[in-house]
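These notes are about the structure you will find just below.
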Amino acid sequence: MPELPEVETIVSGLNKTCLCRKIKKVRVSCPALASPRGGLSALAGDSFVSISRHGKYIKITTRRGARLVVHLRMTGQLFLAENYQPDKHVHIILELANMAAKMYYRDIRKFGRWQIVPPRKNFADYINAGTDALAVTPREFRALCRRYADKALKVFLLDQTILAGVGNIYADETAFYLGVDPHTPVNRLAPEKLLKAVTAVLRLGIKNKGASVSDYITSTGARGNFQNLLNVYKQKNCRRCGTPIRRVKLAGRTTHICPKCQK
DNA sequence: ATTCTCACCTGTTAGC
DNA sequence: TGCTAACAGGTGAGAA
């Protein structure tokens, strides 16, 4: 799924290619993806001047001052391609000036959202999320650990209002990195170690351009590499010790644990 | 207030 | 083999 490292990879890719290019044409074939409905037509003639990220949310600002929040949810893909034949899952196409490639939004399950932020609101008000997992300070992180001391590690990591960006893949991999069971309460872990683990796992994901475990692809349509380095997530056996991975439900998600490496 | 459940979708996999 | 049911997991809304 697109989590922080996947979204970071897409955002940094788009920043290299499509900033400040005039949007010649906007085609939306699934109006329900946009809010307000039909709001994306206002992008015609405008251009993106800033593309950034908060957690898994993509934040876009245009030359005319419009703000856009794009969320890929489960199966959203945002990429640039030349000579691409859109299939039935492509729902938004942006044609950019002086560029052979077009921008495509493809989303099999149509869970994703393109939202126009109302003029009076800022991004932070609009996005219901805590501090970005790679922007949190050690001091702030310690406070979060104290406040949510009783929560299970995985529940803590997955809650976007506490810390933004970690999803199922990186939560399981973080617990593995720490060598602990994801049911472990936060107050049983040293905040410094926990933050170091989250940071290390997310950065490794970014370094490898994200994990293409299902539909995720980069902004050029390429697959990531991190799926080849996962230790427990969707693994049959632990990559480190070969022990069969135990699958349990935690926080409503399939959770992968190596019974030998994680106590 | 906090925590849980469901709805949103469709492709893939498991099981009969 | 062919069909159906369960599953995949991010978010927001509504219920408990």
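Labeling convention for the structure tokens: chains A, B, ... as they appear, residues from 1 per chain, ligands from 1 in order of appearance.
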
Contacts of A:Gly38 at 9 Å or less, counting only C-alpha atoms (C1' of nucleotides), minus same-chain residues fewer than 5 places along, as a VMD selection string? chain A and resid 28 31 to 32

Expected file: the selected residues, N, CA and C atoms, as a CSV table (one decimal), in the first residue's frame:
chain,number,residue,atom,x,y,z
A,28,VAL,N,-11.7,13.9,-16.1
A,28,VAL,CA,-12.1,13.2,-14.9
A,28,VAL,C,-13.2,12.2,-15.3
A,31,PRO,N,-16.2,11.1,-11.3
A,31,PRO,CA,-16.4,12.4,-10.5
A,31,PRO,C,-16.4,12.2,-9.0
A,32,ALA,N,-16.7,11.0,-8.6
A,32,ALA,CA,-16.8,10.7,-7.1
A,32,ALA,C,-15.5,10.8,-6.4

Closest atom pairs, residues of chain C within 9 Å of chain A, only C-alpha atoms (C1' of nucleotides), as JSON lines:
{"residue": "C:DG9", "atom": "C1'", "partner": "A:Arg253", "partner_atom": "CA", "distance": 6.7}
{"residue": "C:DG10", "atom": "C1'", "partner": "A:Arg73", "partner_atom": "CA", "distance": 5.0}
{"residue": "C:DT11", "atom": "C1'", "partner": "A:Arg73", "partner_atom": "CA", "distance": 7.6}

Go ahead and dump the residues you just picked, C-alpha atoms (C1' of nucleotides), as a PDB file, in the first residue's frame.
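Wrote again_31.pdb, looks like this:
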ATOM      1  C1'  DG C   9      -5.978  -2.380   4.442  1.00  0.00           C
ATOM      2  C1'  DG C  10      -6.526   3.451   4.508  1.00  0.00           C
ATOM      3  C1'  DT C  11      -9.719   6.580   6.062  1.00  0.00           C
TER       4       DT C  11
END

Taking only C-alpha atoms (C1' of nucleotides) into account, what are the residues of chain B at most 8 Å from chain A, put as a PyMOL selection string? chain B and resi 8-10

Keeping C-alpha atoms (C1' of nucleotides) for every residue in the selection just given, could you write it to a file as a PDB file, in the first residue's frame?
ATOM      1  C1'  DC B   8     -16.233   2.502   0.314  1.00  0.00           C
ATOM      2  C1'  DC B   9     -14.485  -0.753  -4.185  1.00  0.00           C
ATOM      3  C1'  DT B  10     -12.483  -4.539  -7.207  1.00  0.00           C
TER       4       DT B  10
END

Out of stretch 20-170 of chain A, which residues get strand (DSSP E or B) from DSSP, as a PyMOL selection string? chain A and resi 22-28+34-35+47-54+57-62+67-71+76-81+90-96+102-107+113-116+131-132+152+163-164

Quote the spacing between atom CA of A:Pro182 and atom CA of A:Arg223 in Å to one decimal place.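 These two atoms are separated by 28.2 Å.
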
Which parts of stretch 21-197 of chain A does DSSP call helix (DSSP H, G or I) when run on the backbone here, written out as a ChimeraX atom specification? /A:31-33,39-43,123-126,138-147,153-158,168-178,186-188,191-197

If we count only C-alpha atoms (C1' of nucleotides) and set the cut-off at 10 Å, which residues sit around A:Gly13, ignoring sequence neighbours fewer than 6 positions away in its own chain? Please answer as an MDAnalysis selection string. chainID A and resid 7 51 79:80 218:220

Go ahead and write the selection's residues with C-alpha atoms as a compact mmCIF listing (two decimals), in the first residue's frame.
# COMPACT_ATOMS: atom_id res chain seq x y z
CA VAL A 7 4.25 8.70 -1.25
CA ILE A 51 4.14 19.32 -4.43
CA PHE A 79 2.40 8.63 -12.62
CA LEU A 80 3.60 10.30 -15.78
CA THR A 218 6.60 5.21 -8.75
CA SER A 219 5.82 8.42 -10.62
CA THR A 220 7.47 6.95 -13.71

Quick one: everything within 10 Å of A:Gly242, counting only C-alpha atoms (C1' of nucleotides), minus sequence neighbours fewer than 6 positions away in the same chain. Send it as a PyMOL selection string. chain A and resi 231+235-236+258+260

Selection above as a file: N, CA and C atoms, as a PDB file, in the first residue's frame:
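This is the output file part28.pdb:
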ATOM      1  N   ASN A 231      11.275  -8.148   5.932  1.00  0.00           N
ATOM      2  CA  ASN A 231      11.671  -9.239   6.816  1.00  0.00           C
ATOM      3  C   ASN A 231      10.499 -10.111   7.236  1.00  0.00           C
ATOM      4  N   GLN A 235       5.626 -12.305   4.400  1.00  0.00           N
ATOM      5  CA  GLN A 235       6.641 -13.338   4.223  1.00  0.00           C
ATOM      6  C   GLN A 235       6.137 -14.664   4.768  1.00  0.00           C
ATOM      7  N   LYS A 236       6.524 -15.728   4.133  1.00  0.00           N
ATOM      8  CA  LYS A 236       6.169 -17.068   4.624  1.00  0.00           C
ATOM      9  C   LYS A 236       7.124 -17.439   5.754  1.00  0.00           C
ATOM     10  N   CYS A 258       7.645 -12.652  13.559  1.00  0.00           N
ATOM     11  CA  CYS A 258       8.569 -13.775  13.642  1.00  0.00           C
ATOM     12  C   CYS A 258       8.650 -14.191  15.111  1.00  0.00           C
ATOM     13  N   LYS A 260      10.502 -16.080  16.660  1.00  0.00           N
ATOM     14  CA  LYS A 260      11.852 -16.235  17.211  1.00  0.00           C
ATOM     15  C   LYS A 260      12.552 -14.887  17.392  1.00  0.00           C
TER      16      LYS A 260
END

For B:DG15: contacts at 10 Å, only C-alpha atoms (C1' of nucleotides), fewer than 2 positions along chain excluded, given as a PyMOL selection string: (chain B and resi 13) or (chain C and resi 4-6)

How would the residues just picked look written out with C-alpha atoms (C1' of nucleotides) as a short mmCIF file (atom, residue, chain, number, x, y, z; two decimals), in the first residue's frame?
data_model
loop_
_atom_site.label_atom_id
_atom_site.label_comp_id
_atom_site.auth_asym_id
_atom_site.auth_seq_id
_atom_site.Cartn_x
_atom_site.Cartn_y
_atom_site.Cartn_z
"C1'" DT B 13 -6.90 -16.18 -3.47
"C1'" DT C 4 -18.54 -18.45 -4.13
"C1'" DA C 5 -16.79 -16.35 -0.05
"C1'" DA C 6 -13.19 -14.33 2.21
#
